[in-house]
Number of protein chains: 2
Amino acid sequence: MSRIELYDTTLRDGMQGEGMSLSAQEKLRVAHRLDELGIDLIEAGFPSSNPKELELFDLLARERLTHANVAAFGMTRRRGLSAEEDPGLRVLADCFAPVCTLVGKTWGLHLEKVVRVDREENLRMISESVAFLAARGKRVIYDAEHFFDGFADDAVYALRCLRAAAEAGADTVTCCDTNGGTLPEQIAAAMTVVASELGSGGVQLGIHCHDDAGCAVAGTLAAVRAGATHVQGTMNGYGERCGNANLVTVIPNLQLKLGHQCLRESQLRSLTATAHFLDELLNFTPDPDQPYVGRNAFAHKGGMHVAGVNVDPTTFEHVDPEVVGNSRELLISELSGRGTVQARAREVGIELDEEDAARVTERVKQLEHLGYHFEAADGSFELLLRRETGDYEPLFRLESWRAIVEKRADGRVETEATIKIWVDGERYVRTAEGNGPVNALDRALRDALAEIHPHLRDIDLVNFKVRILDETKGTGAVTRVLLDSSDGDELWGAIGVSENIIEASWEALVDSLEYGMSVSRRGQPGAPAGAEPSA
Amino acid sequence: MSRIELYDTTLRDGMQGEGMSLSAQEKLRVAHRLDELGIDLIEAGFPSSNPKELELFDLLARERLTHANVAAFGMTRRRGLSAEEDPGLRVLADCFAPVCTLVGKTWGLHLEKVVRVDREENLRMISESVAFLAARGKRVIYDAEHFFDGFADDAVYALRCLRAAAEAGADTVTCCDTNGGTLPEQIAAAMTVVASELGSGGVQLGIHCHDDAGCAVAGTLAAVRAGATHVQGTMNGYGERCGNANLVTVIPNLQLKLGHQCLRESQLRSLTATAHFLDELLNFTPDPDQPYVGRNAFAHKGGMHVAGVNVDPTTFEHVDPEVVGNSRELLISELSGRGTVQARAREVGIELDEEDAARVTERVKQLEHLGYHFEAADGSFELLLRRETGDYEPLFRLESWRAIVEKRADGRVETEATIKIWVDGERYVRTAEGNGPVNALDRALRDALAEIHPHLRDIDLVNFKVRILDETKGTGAVTRVLLDSSDGDELWGAIGVSENIIEASWEALVDSLEYGMSVSRRGQPGAPAGAEPSA
């Protein structure tokens, strides 16, 4: 099958999404990761829309990428100016980037109601702008905005816009579903016409989808099937409204299911890590359900699933998770059997004989009945295994703790916690304040323990989730606390369950720290011993 | 276009997703909401897989749904038993549900490697099981598990499985993409063959997709295009791994873009509220980028977008957001506009002039910025209105409160709270124990107030939800507490927000009791005064 050119617009269109914020230096890191992944073209933005963009282009100009080319983004010339006079086009022409992507109008509705430009003038704007940049040695990609809406409204004019770009020297014309509402079958029908009208002219066809109808990935595949060989999208589907086409899903679909050549095998194996890197950099929690790269994407719960996967993974897996750098998760749940527990134990280097496995499984069932849930609490699960098999040494022995929250007449809230613990025969009493009772307990405990275990200072609590299990019991309900922690290398989850929210939090807190210390004591930071990132 | 039958499996397949947990009572509430939305068939689970499922079927049997039918789920008979002898099939036959959905094998790989059943025996298992239930007056839907993998492997055998079900009396045969890896074009090709092979026999064709390739919605639409008229999926795409086909996206695509008849217009307008209700009940944050119903789905950022939308919404919107009950505003809050605030105030008997309305709207915006969210906190919203308009009298004046949680060496956890308050010039000091700090505060406060306001004893806290708003800040994040209370006649919601979880809970607790008392003091139990159930 044909080679597909991958065009990533995370740094431009992706940045329109809610909560997207990256410094120029961070964008540079993204560009390098995309380059390593094997992306062909990295759209970096408009080189002068603001000082941050200018700084990024300055940085990129000095940087050496292995494989990717940088694309600068801009618009067709303004009405009434020549291309030479247009300041935006001059910036693009002078920019170091070898590729320029120009966006222009294709839809009469927008020409009439939004920009108020005559249809013939719009065609001149397209062809003169493209010709200007092509004459200056740029590879020009023409992005036809609202192409599919324009095509549905007036196919002849929409095609004239594409042809104007192609004839003026655009090397690629991209059909954009800017409003995101076009369904795959409509995209396929339009692209088939485009391919038959323009295909013979040697111009490459591209596709750019948005996910407003939940079909951006499928729409992209439909366009490729109809002849597109240039695919635009963003990492993790970042983008305004419902997001852009998600390259993290598109790429394995193209390569593993449709046989197109996109990335080298080793690059495809870095897909999961790259997708999570982007989320971490943007401070988003990776979507656990994301196709191919999500933590749950290859998670197996039921006993029959687990048994089937053990016999032959293709029974329950649509692709081999390792091909995209993901791994199989065997979830510990109410439905799980002894085999799952043994397999999970083996992952963390513990061999359970039949008797141990039966006892641990029984214990897991009891705990799940009480409200524990080990799917997202890999740290607590490993500690449970070690406790049950005798391979466990507590960090400390608790004498007591106390948390006091006080609201005073002036409205101020004060929180303090005191812990009394024993470590190696010595008693430690520590008191700390905090912005909440759990925070205060955390501070007091670390204050005591960090003298003996300085590594504890490196552990951050990165995620704190509270769920009331039987909400209908009001404040008498059981509380489940999930705590994710990280030491910079790894991320692990811990769980606590109690009628008392502070006790549940304490339990998760102690597991978090004990697990973190057990990793460090084994001297295997980054080792695979059950400490795979839970995210 | 044809009528499409909507089959929701949120309560069965959806519950396989990570973090999905609902009590039988909560499932009943979901069933009612799905019924009101206009779902045709609600799959409720297997009537005897555990006590919770049994309780649900007992509850459902006594319930009256307006439109939907309940479907019970089970498997084809076990190998070596007759259908009559199979305990699972007997449970289905005896169950009140008029519809039974039977899942069975279609794929040789599974027969050989997972269940080790002979191909001919599998066909007998399908036809005998279907016939047994059909003879007992059930409408039988046959779900062909792994159909598309089976079809790719051995189309003749896969079709024989469908035919066995249809000929034995199944009214619908559903082709399931159980592993979720089949692309829409492959689904369309297989369904076209199925339709030509089985279509003339009068059996209805169904589709059941999973999202492992990010194409579940598009795959569902492709199947409908090829002849399926029965569509299975879950609300918000809940489900194991990457989730099931998302009915919240499928339904508007079918109805608004492909012209199929699914819901009444008024029902479609409740889509956003229904999707968010499910997320709230499950304590998930609604996905802001979800197609059609997400907070960002119709959010416009750039100035040109906003200007364009003002001239003609179709320039930048693929559908009218109101048609699915969403809105164009960035914040989906019902209260964001001044007119809405006035209307809501009028509902509870408060007339706001322009100045008051502007001030309240401003205050709501400030509070929403801090993390408040009044959609589910009608009680707190009414108190806010009364405070802003001077029509408010506090139940008490707080001097101070203090909550102490103590864990002792023997593992016991003790909790006590002390409150010091003033009512009518008199000082009350009360201490109470509880199973958690909020419970203890609640007891102490009521102990003091109930002497003056005996009605307080009738107020129950029925629902307590905790959400950490910025999870990535660990234990230093802001906590939002939602508390639903009831006095037997009414249900109302109250909210508290603070870095300190105890303070946030206290705030919600006080609002809950004050609102409850204001209802009772107005002597309008059961009156509509803003106290509609928040669910």
# chains A, B, ... in the order shown; residues from 1 in each chain; ligands from 1
$ residues_around --residues "A:Asn310" --least-positions-apart "5" --cutoff "10 Å" --atoms "only C-alpha atoms" --output "NGL selection string"
(:A and (304-305 or 315-316 or 339-340 or 343)) or (:B and (114))
$ residues_around --residues "stretch 187-199 of chain A" --least-positions-apart "4" --cutoff "7 Å" --atoms "only C-alpha atoms" --output "ChimeraX atom specification"
/A:182-183,203,219,222-223,226-227
$ atom_distance --atom1 "atom CA of B:Glu433" --atom2 "atom CA of B:Ala417"
6.3 Å
$ select_by_dssp --residues "stretch 246-279 of chain A" --states "alpha helix (DSSP H)" --output "PDB file with C-alpha atoms, in the first residue's frame"
ATOM      1  CA  LEU A 247      -3.018  10.778  14.890  1.00  0.00           C
ATOM      2  CA  VAL A 248      -2.363   8.369  17.759  1.00  0.00           C
ATOM      3  CA  THR A 249      -5.372   6.360  16.524  1.00  0.00           C
ATOM      4  CA  VAL A 250      -5.061   7.122  12.816  1.00  0.00           C
ATOM      5  CA  ILE A 251      -1.445   5.940  12.499  1.00  0.00           C
ATOM      6  CA  PRO A 252      -1.875   2.371  13.827  1.00  0.00           C
ATOM      7  CA  GLU A 265       8.389  -0.610  13.650  1.00  0.00           C
ATOM      8  CA  SER A 266      10.569   0.807  16.397  1.00  0.00           C
ATOM      9  CA  GLN A 267       8.888   4.188  15.994  1.00  0.00           C
ATOM     10  CA  LEU A 268       5.415   2.661  16.202  1.00  0.00           C
ATOM     11  CA  LEU A 271       3.590   5.592  20.152  1.00  0.00           C
ATOM     12  CA  THR A 272       2.248   4.986  23.679  1.00  0.00           C
ATOM     13  CA  ALA A 273       5.186   6.716  25.343  1.00  0.00           C
ATOM     14  CA  THR A 274       4.946   9.675  22.967  1.00  0.00           C
ATOM     15  CA  ALA A 275       1.208  10.078  23.503  1.00  0.00           C
ATOM     16  CA  HIS A 276       1.678  10.009  27.294  1.00  0.00           C
ATOM     17  CA  PHE A 277       4.623  12.404  27.077  1.00  0.00           C
ATOM     18  CA  LEU A 278       2.382  14.972  25.413  1.00  0.00           C
ATOM     19  CA  ASP A 279      -0.329  14.561  28.073  1.00  0.00           C
TER      20      ASP A 279
END
$ interface_residues --of "chain A" --to "chain B" --cutoff "6 Å" --atoms "only C-alpha atoms" --output "CSV table (one decimal) with N, CA, C and O atoms, in the first residue's frame"
chain,number,residue,atom,x,y,z
A,114,VAL,N,-19.0,36.0,6.0
A,114,VAL,CA,-17.9,36.2,7.0
A,114,VAL,C,-16.8,37.2,6.5
A,114,VAL,O,-16.6,38.2,7.1
A,179,ASN,N,-15.6,22.4,10.3
A,179,ASN,CA,-16.7,22.4,11.3
A,179,ASN,C,-16.9,21.0,11.8
A,179,ASN,O,-17.6,20.8,12.8
A,181,GLY,N,-18.5,18.3,10.9
A,181,GLY,CA,-19.8,17.6,10.9
A,181,GLY,C,-20.0,16.6,9.8
A,181,GLY,O,-21.0,16.1,9.6
A,212,ASP,N,-16.3,16.6,15.6
A,212,ASP,CA,-17.6,17.0,16.1
A,212,ASP,C,-18.7,16.0,15.9
A,212,ASP,O,-19.7,16.0,16.6
A,213,ALA,N,-18.6,15.1,15.0
A,213,ALA,CA,-19.6,14.0,14.8
A,213,ALA,C,-19.0,12.7,15.3
A,213,ALA,O,-19.5,11.6,15.1
A,214,GLY,N,-17.8,12.7,16.1
A,214,GLY,CA,-17.2,11.5,16.6
A,214,GLY,C,-16.7,10.6,15.6
A,214,GLY,O,-16.5,9.4,15.8
A,215,CYS,N,-16.4,11.1,14.4
A,215,CYS,CA,-16.0,10.3,13.2
A,215,CYS,C,-14.7,10.8,12.6
A,215,CYS,O,-14.4,10.4,11.4
A,218,ALA,N,-12.4,7.9,11.4
A,218,ALA,CA,-13.0,7.2,10.3
A,218,ALA,C,-13.0,8.0,9.1
A,218,ALA,O,-12.8,7.5,8.0
A,241,ARG,N,-13.2,22.7,20.3
A,241,ARG,CA,-14.5,22.0,20.4
A,241,ARG,C,-14.3,20.5,20.8
A,241,ARG,O,-13.9,20.2,21.9
A,242,CYS,N,-14.4,19.6,19.8
A,242,CYS,CA,-14.3,18.1,20.1
A,242,CYS,C,-13.0,17.6,19.7
A,242,CYS,O,-12.7,16.4,19.8
A,289,ASP,N,-9.0,5.2,28.5
A,289,ASP,CA,-9.7,4.4,27.5
A,289,ASP,C,-9.3,4.8,26.0
A,289,ASP,O,-10.0,4.3,25.1
A,290,GLN,N,-8.2,5.5,25.9
A,290,GLN,CA,-7.8,5.9,24.5
A,290,GLN,C,-7.5,4.6,23.7
A,290,GLN,O,-6.7,3.8,24.1
A,291,PRO,N,-8.0,4.5,22.4
A,291,PRO,CA,-7.6,3.4,21.6
A,291,PRO,C,-6.1,3.3,21.5
A,291,PRO,O,-5.4,4.3,21.4
A,296,ASN,N,-6.3,1.2,29.7
A,296,ASN,CA,-7.4,0.1,29.6
A,296,ASN,C,-7.5,-0.5,28.2
A,296,ASN,O,-8.3,-1.4,28.0
A,297,ALA,N,-6.7,0.0,27.2
A,297,ALA,CA,-7.0,-0.4,25.8
A,297,ALA,C,-6.8,-1.9,25.6
A,297,ALA,O,-7.4,-2.5,24.8
A,299,ALA,N,-6.9,-4.1,28.5
A,299,ALA,CA,-7.2,-4.6,29.8
A,299,ALA,C,-8.3,-5.7,29.8
A,299,ALA,O,-9.2,-5.6,29.0
A,308,GLY,N,-8.6,-16.9,27.8
A,308,GLY,CA,-8.5,-16.9,26.4
A,308,GLY,C,-7.2,-16.3,25.9
A,308,GLY,O,-6.5,-16.8,25.1
A,316,PHE,N,-8.8,-12.3,22.1
A,316,PHE,CA,-9.5,-11.1,22.7
A,316,PHE,C,-8.7,-9.8,22.4
A,316,PHE,O,-9.1,-8.8,23.0
A,318,HIS,N,-7.4,-7.1,19.4
A,318,HIS,CA,-7.4,-6.8,18.0
A,318,HIS,C,-6.0,-6.6,17.4
A,318,HIS,O,-5.8,-6.8,16.2
A,399,GLU,N,1.8,4.2,66.4
A,399,GLU,CA,1.3,4.3,67.7
A,399,GLU,C,-0.1,4.9,67.6
A,399,GLU,O,-1.1,4.4,68.0
A,400,SER,N,-0.1,6.1,67.0
A,400,SER,CA,-1.4,6.8,66.8
A,400,SER,C,-1.2,8.0,65.9
A,400,SER,O,-0.1,8.5,65.7
A,401,TRP,N,-2.3,8.5,65.4
A,401,TRP,CA,-2.3,9.8,64.7
A,401,TRP,C,-3.6,10.5,65.1
A,401,TRP,O,-4.5,9.9,65.5
A,402,ARG,N,-3.5,11.8,64.9
A,402,ARG,CA,-4.7,12.6,65.2
A,402,ARG,C,-4.7,13.8,64.3
A,402,ARG,O,-3.7,14.5,64.0
A,403,ALA,N,-5.9,14.1,63.7
A,403,ALA,CA,-6.0,15.2,62.8
A,403,ALA,C,-7.1,16.1,63.4
A,403,ALA,O,-8.2,15.6,63.8
A,404,ILE,N,-6.8,17.4,63.5
A,404,ILE,CA,-7.8,18.4,64.0
A,404,ILE,C,-8.0,19.4,63.0
A,404,ILE,O,-7.1,20.1,62.5
A,405,VAL,N,-9.3,19.7,62.7
A,405,VAL,CA,-9.7,20.8,61.8
A,405,VAL,C,-10.6,21.7,62.6
A,405,VAL,O,-11.5,21.2,63.3
A,406,GLU,N,-10.3,22.9,62.6
A,406,GLU,CA,-11.0,23.9,63.5
A,406,GLU,C,-11.4,25.1,62.6
A,406,GLU,O,-10.6,25.7,62.0
A,407,LYS,N,-12.6,25.5,62.7
A,407,LYS,CA,-13.1,26.7,62.1
A,407,LYS,C,-13.4,27.7,63.2
A,407,LYS,O,-14.2,27.4,64.1
A,408,ARG,N,-12.8,28.9,63.1
A,408,ARG,CA,-12.9,29.8,64.1
A,408,ARG,C,-14.0,30.9,63.8
A,408,ARG,O,-14.4,31.0,62.7
A,409,ALA,N,-14.3,31.7,64.8
A,409,ALA,CA,-15.3,32.7,64.7
A,409,ALA,C,-15.0,33.7,63.5
A,409,ALA,O,-15.9,34.1,62.8
A,435,ASN,N,-3.2,22.3,54.5
A,435,ASN,CA,-4.5,23.0,54.0
A,435,ASN,C,-5.7,22.1,54.1
A,435,ASN,O,-6.8,22.4,53.7
A,436,GLY,N,-5.5,20.9,54.6
A,436,GLY,CA,-6.5,19.9,54.8
A,436,GLY,C,-6.0,18.9,55.7
A,436,GLY,O,-4.7,18.8,55.9
A,439,ASN,N,-3.4,16.5,53.9
A,439,ASN,CA,-2.2,17.2,53.7
A,439,ASN,C,-1.3,17.3,55.0
A,439,ASN,O,-0.1,17.1,54.9
A,461,LEU,N,2.5,13.4,45.5
A,461,LEU,CA,1.2,12.9,45.4
A,461,LEU,C,0.6,13.7,44.2
A,461,LEU,O,0.4,14.9,44.3
A,462,VAL,N,0.3,13.0,43.1
A,462,VAL,CA,0.0,13.7,41.9
A,462,VAL,C,-1.5,13.7,41.6
A,462,VAL,O,-2.0,14.4,40.8
A,463,ASN,N,-2.3,12.9,42.3
A,463,ASN,CA,-3.7,12.7,42.0
A,463,ASN,C,-4.4,12.1,43.2
A,463,ASN,O,-3.9,11.2,43.8
A,464,PHE,N,-5.5,12.7,43.5
A,464,PHE,CA,-6.2,12.4,44.7
A,464,PHE,C,-7.7,12.2,44.4
A,464,PHE,O,-8.3,13.2,44.0
A,466,VAL,N,-11.6,10.9,45.4
A,466,VAL,CA,-12.5,10.4,46.4
A,466,VAL,C,-13.8,9.9,45.8
A,466,VAL,O,-14.4,10.6,45.0
A,471,GLU,N,-23.6,6.1,48.1
A,471,GLU,CA,-23.9,7.5,48.3
A,471,GLU,C,-25.2,7.7,49.1
A,471,GLU,O,-25.4,8.7,49.7
A,472,THR,N,-26.1,6.8,49.0
A,472,THR,CA,-27.4,7.0,49.6
A,472,THR,C,-27.4,6.9,51.1
A,472,THR,O,-28.4,7.1,51.7
A,473,LYS,N,-26.2,6.5,51.7
A,473,LYS,CA,-26.2,6.5,53.1
A,473,LYS,C,-25.7,7.9,53.7
A,473,LYS,O,-25.4,8.0,54.9
A,474,GLY,N,-25.7,8.9,52.8
A,474,GLY,CA,-25.3,10.2,53.3
A,474,GLY,C,-23.9,10.2,53.8
A,474,GLY,O,-23.0,9.6,53.3
A,475,THR,N,-23.7,11.0,54.9
A,475,THR,CA,-22.3,11.1,55.5
A,475,THR,C,-21.9,9.8,56.2
A,475,THR,O,-20.8,9.7,56.6
A,500,ASN,N,-14.6,6.3,57.4
A,500,ASN,CA,-14.0,7.6,57.8
A,500,ASN,C,-13.1,8.1,56.7
A,500,ASN,O,-12.1,7.4,56.4
$ residues_around --residues "B:Gly259" --least-positions-apart "4" --cutoff "7 Å" --atoms "only C-alpha atoms" --output "list in words"
Met1, Leu254 and Gln255 of chain B
$ residues_around --residues "A:Met75" --least-positions-apart "6" --cutoff "12 Å" --atoms "only C-alpha atoms" --output "ChimeraX atom specification"
/A:45-47,49,83,86-92,100-105,122,125-126,128-130,133,140-145
$ write_last_selection --atoms "N, CA, C and O atoms" --output "short mmCIF file (atom, residue, chain, number, x, y, z; two decimals), in the first residue's frame"
data_model
loop_
_atom_site.label_atom_id
_atom_site.label_comp_id
_atom_site.auth_asym_id
_atom_site.auth_seq_id
_atom_site.Cartn_x
_atom_site.Cartn_y
_atom_site.Cartn_z
N GLY A 45 3.08 26.69 13.57
CA GLY A 45 2.32 27.91 13.83
C GLY A 45 2.64 28.98 12.80
O GLY A 45 3.31 28.71 11.79
N PHE A 46 2.15 30.18 13.07
CA PHE A 46 2.40 31.32 12.18
C PHE A 46 3.60 32.07 12.74
O PHE A 46 3.57 32.50 13.89
N PRO A 47 4.65 32.23 11.97
CA PRO A 47 5.91 32.71 12.53
C PRO A 47 5.87 34.10 13.15
O PRO A 47 6.85 34.49 13.79
N SER A 49 2.72 35.57 14.69
CA SER A 49 1.45 35.98 15.28
C SER A 49 1.64 36.51 16.70
O SER A 49 0.83 37.27 17.20
N ALA A 83 0.27 39.85 -3.47
CA ALA A 83 0.92 38.88 -2.59
C ALA A 83 2.21 39.47 -2.04
O ALA A 83 2.53 39.30 -0.85
N ASP A 86 1.61 41.69 0.90
CA ASP A 86 0.94 41.15 2.09
C ASP A 86 1.99 40.83 3.16
O ASP A 86 2.88 40.00 2.95
N PRO A 87 1.89 41.47 4.33
CA PRO A 87 2.93 41.26 5.34
C PRO A 87 3.01 39.81 5.83
O PRO A 87 4.11 39.32 6.09
N GLY A 88 1.86 39.15 5.94
CA GLY A 88 1.87 37.76 6.41
C GLY A 88 2.61 36.85 5.45
O GLY A 88 3.42 36.00 5.86
N LEU A 89 2.37 37.03 4.14
CA LEU A 89 3.03 36.18 3.15
C LEU A 89 4.53 36.47 3.11
O LEU A 89 5.34 35.56 2.90
N ARG A 90 4.92 37.74 3.35
CA ARG A 90 6.36 38.06 3.35
C ARG A 90 7.05 37.36 4.52
O ARG A 90 8.17 36.87 4.38
N VAL A 91 6.37 37.34 5.67
CA VAL A 91 6.95 36.63 6.82
C VAL A 91 7.17 35.16 6.47
O VAL A 91 8.22 34.59 6.75
N LEU A 92 6.16 34.55 5.85
CA LEU A 92 6.30 33.14 5.46
C LEU A 92 7.45 32.95 4.48
O LEU A 92 8.24 32.01 4.59
N CYS A 100 5.41 25.74 3.52
CA CYS A 100 4.41 26.71 3.97
C CYS A 100 3.03 26.14 3.72
O CYS A 100 2.74 25.67 2.61
N THR A 101 2.19 26.20 4.75
CA THR A 101 0.81 25.76 4.61
C THR A 101 -0.07 27.00 4.60
O THR A 101 -0.05 27.80 5.53
N LEU A 102 -0.82 27.14 3.52
CA LEU A 102 -1.70 28.31 3.37
C LEU A 102 -3.14 27.86 3.49
O LEU A 102 -3.55 26.91 2.83
N VAL A 103 -3.91 28.55 4.31
CA VAL A 103 -5.33 28.24 4.41
C VAL A 103 -6.12 29.29 3.65
O VAL A 103 -5.76 30.48 3.66
N GLY A 104 -7.17 28.86 2.98
CA GLY A 104 -8.01 29.80 2.23
C GLY A 104 -9.44 29.30 2.16
O GLY A 104 -9.74 28.16 2.54
N LYS A 105 -10.30 30.18 1.68
CA LYS A 105 -11.74 29.88 1.66
C LYS A 105 -12.14 29.04 0.46
O LYS A 105 -11.52 29.10 -0.59
N ASN A 122 -11.52 35.62 -4.62
CA ASN A 122 -11.01 34.56 -3.74
C ASN A 122 -10.09 33.60 -4.53
O ASN A 122 -9.03 33.20 -4.04
N MET A 125 -6.88 35.27 -4.95
CA MET A 125 -6.14 35.28 -3.68
C MET A 125 -5.41 33.95 -3.48
O MET A 125 -4.27 33.91 -3.03
N ILE A 126 -6.12 32.86 -3.81
CA ILE A 126 -5.50 31.54 -3.65
C ILE A 126 -4.31 31.39 -4.59
O ILE A 126 -3.18 31.10 -4.17
N GLU A 128 -2.53 33.53 -6.45
CA GLU A 128 -1.40 34.46 -6.34
C GLU A 128 -0.58 34.18 -5.08
O GLU A 128 0.65 34.29 -5.10
N SER A 129 -1.25 33.82 -3.99
CA SER A 129 -0.52 33.55 -2.74
C SER A 129 0.34 32.30 -2.88
O SER A 129 1.51 32.27 -2.47
N VAL A 130 -0.26 31.26 -3.45
CA VAL A 130 0.49 30.02 -3.65
C VAL A 130 1.69 30.27 -4.57
O VAL A 130 2.82 29.87 -4.29
N LEU A 133 4.71 32.09 -2.93
CA LEU A 133 5.58 31.29 -2.06
C LEU A 133 6.32 30.21 -2.86
O LEU A 133 7.50 29.93 -2.59
N VAL A 140 4.58 24.31 -1.06
CA VAL A 140 3.32 24.89 -0.57
C VAL A 140 2.24 23.83 -0.44
O VAL A 140 1.98 23.05 -1.37
N ILE A 141 1.63 23.79 0.77
CA ILE A 141 0.46 22.94 1.01
C ILE A 141 -0.73 23.87 1.12
O ILE A 141 -0.70 24.84 1.89
N TYR A 142 -1.77 23.62 0.31
CA TYR A 142 -2.95 24.47 0.39
C TYR A 142 -4.03 23.77 1.20
O TYR A 142 -4.48 22.68 0.84
N ASP A 143 -4.43 24.40 2.30
CA ASP A 143 -5.50 23.86 3.15
C ASP A 143 -6.83 24.52 2.78
O ASP A 143 -7.03 25.72 3.05
N ALA A 144 -7.71 23.77 2.15
CA ALA A 144 -9.01 24.31 1.73
C ALA A 144 -9.99 24.24 2.90
O ALA A 144 -10.56 23.19 3.20
N GLU A 145 -10.16 25.38 3.57
CA GLU A 145 -11.01 25.47 4.76
C GLU A 145 -12.46 25.19 4.39
O GLU A 145 -12.92 25.63 3.34
#
$ select_by_dssp --residues "stretch 68-165 of chain A" --states "strand (DSSP E)" --output "list in words"
Asn69, Val70, Ala71, Ala72, Phe73, Gly74, Met75, Val99, Cys100, Thr101, Leu102, Val103, Gly104, Arg139, Val140, Ile141, Tyr142, Asp143 and Ala144 of chain A
$ closest_residue --among "A:Leu59, A:Leu111, A:Val364, A:Met15" --to "A:Thr234" --atoms "only C-alpha atoms"
A:Met15
$ residues_around --residues "stretch 207-209 of chain A" --least-positions-apart "3" --cutoff "7 Å" --atoms "only C-alpha atoms" --output "MDAnalysis selection string"
chainID A and resid 174:178 180 216 219:220 223 228 230:233 244:245
$ atom_distance --atom1 "atom CA of B:Leu352" --atom2 "atom CA of B:Phe381"
14.0 Å
$ residues_around --residues "B:Ala377" --least-positions-apart "4" --cutoff "9 Å" --atoms "only C-alpha atoms" --output "list in words"
His373, Phe381, Glu382, Leu482, Leu483, Asp484, Trp492, Gly493, Ala494, Ile495 and Ser534 of chain B
$ decode --residues "stretch 24-37 of chain B" --atoms "N, CA and C atoms" --output "PDB file, in the first residue's frame"
ATOM      1  N   ALA B  24     -28.418  -1.027  42.879  1.00  0.00           N
ATOM      2  CA  ALA B  24     -29.646  -1.408  42.177  1.00  0.00           C
ATOM      3  C   ALA B  24     -30.599  -0.214  42.068  1.00  0.00           C
ATOM      4  N   GLN B  25     -30.701   0.564  43.152  1.00  0.00           N
ATOM      5  CA  GLN B  25     -31.573   1.743  43.126  1.00  0.00           C
ATOM      6  C   GLN B  25     -31.100   2.750  42.079  1.00  0.00           C
ATOM      7  N   GLU B  26     -29.785   2.924  41.993  1.00  0.00           N
ATOM      8  CA  GLU B  26     -29.261   3.864  41.004  1.00  0.00           C
ATOM      9  C   GLU B  26     -29.515   3.364  39.583  1.00  0.00           C
ATOM     10  N   LYS B  27     -29.389   2.053  39.390  1.00  0.00           N
ATOM     11  CA  LYS B  27     -29.673   1.497  38.063  1.00  0.00           C
ATOM     12  C   LYS B  27     -31.127   1.739  37.672  1.00  0.00           C
ATOM     13  N   LEU B  28     -31.983   1.670  38.665  1.00  0.00           N
ATOM     14  CA  LEU B  28     -33.399   1.943  38.404  1.00  0.00           C
ATOM     15  C   LEU B  28     -33.582   3.387  37.923  1.00  0.00           C
ATOM     16  N   ARG B  29     -32.863   4.307  38.553  1.00  0.00           N
ATOM     17  CA  ARG B  29     -32.942   5.715  38.116  1.00  0.00           C
ATOM     18  C   ARG B  29     -32.443   5.854  36.690  1.00  0.00           C
ATOM     19  N   VAL B  30     -31.369   5.127  36.361  1.00  0.00           N
ATOM     20  CA  VAL B  30     -30.845   5.167  34.986  1.00  0.00           C
ATOM     21  C   VAL B  30     -31.905   4.656  34.016  1.00  0.00           C
ATOM     22  N   ALA B  31     -32.561   3.546  34.371  1.00  0.00           N
ATOM     23  CA  ALA B  31     -33.572   2.970  33.482  1.00  0.00           C
ATOM     24  C   ALA B  31     -34.670   3.995  33.190  1.00  0.00           C
ATOM     25  N   HIS B  32     -35.088   4.720  34.232  1.00  0.00           N
ATOM     26  CA  HIS B  32     -36.125   5.726  34.007  1.00  0.00           C
ATOM     27  C   HIS B  32     -35.646   6.843  33.082  1.00  0.00           C
ATOM     28  N   ARG B  33     -34.398   7.273  33.276  1.00  0.00           N
ATOM     29  CA  ARG B  33     -33.893   8.347  32.410  1.00  0.00           C
ATOM     30  C   ARG B  33     -33.771   7.874  30.963  1.00  0.00           C
ATOM     31  N   LEU B  34     -33.342   6.634  30.770  1.00  0.00           N
ATOM     32  CA  LEU B  34     -33.228   6.098  29.407  1.00  0.00           C
ATOM     33  C   LEU B  34     -34.612   5.977  28.775  1.00  0.00           C
ATOM     34  N   ASP B  35     -35.570   5.584  29.582  1.00  0.00           N
ATOM     35  CA  ASP B  35     -36.957   5.484  29.114  1.00  0.00           C
ATOM     36  C   ASP B  35     -37.461   6.857  28.665  1.00  0.00           C
ATOM     37  N   GLU B  36     -37.198   7.860  29.502  1.00  0.00           N
ATOM     38  CA  GLU B  36     -37.645   9.214  29.151  1.00  0.00           C
ATOM     39  C   GLU B  36     -36.938   9.731  27.896  1.00  0.00           C
ATOM     40  N   LEU B  37     -35.679   9.359  27.751  1.00  0.00           N
ATOM     41  CA  LEU B  37     -34.939   9.794  26.555  1.00  0.00           C
ATOM     42  C   LEU B  37     -35.551   9.208  25.282  1.00  0.00           C
TER      43      LEU B  37
END
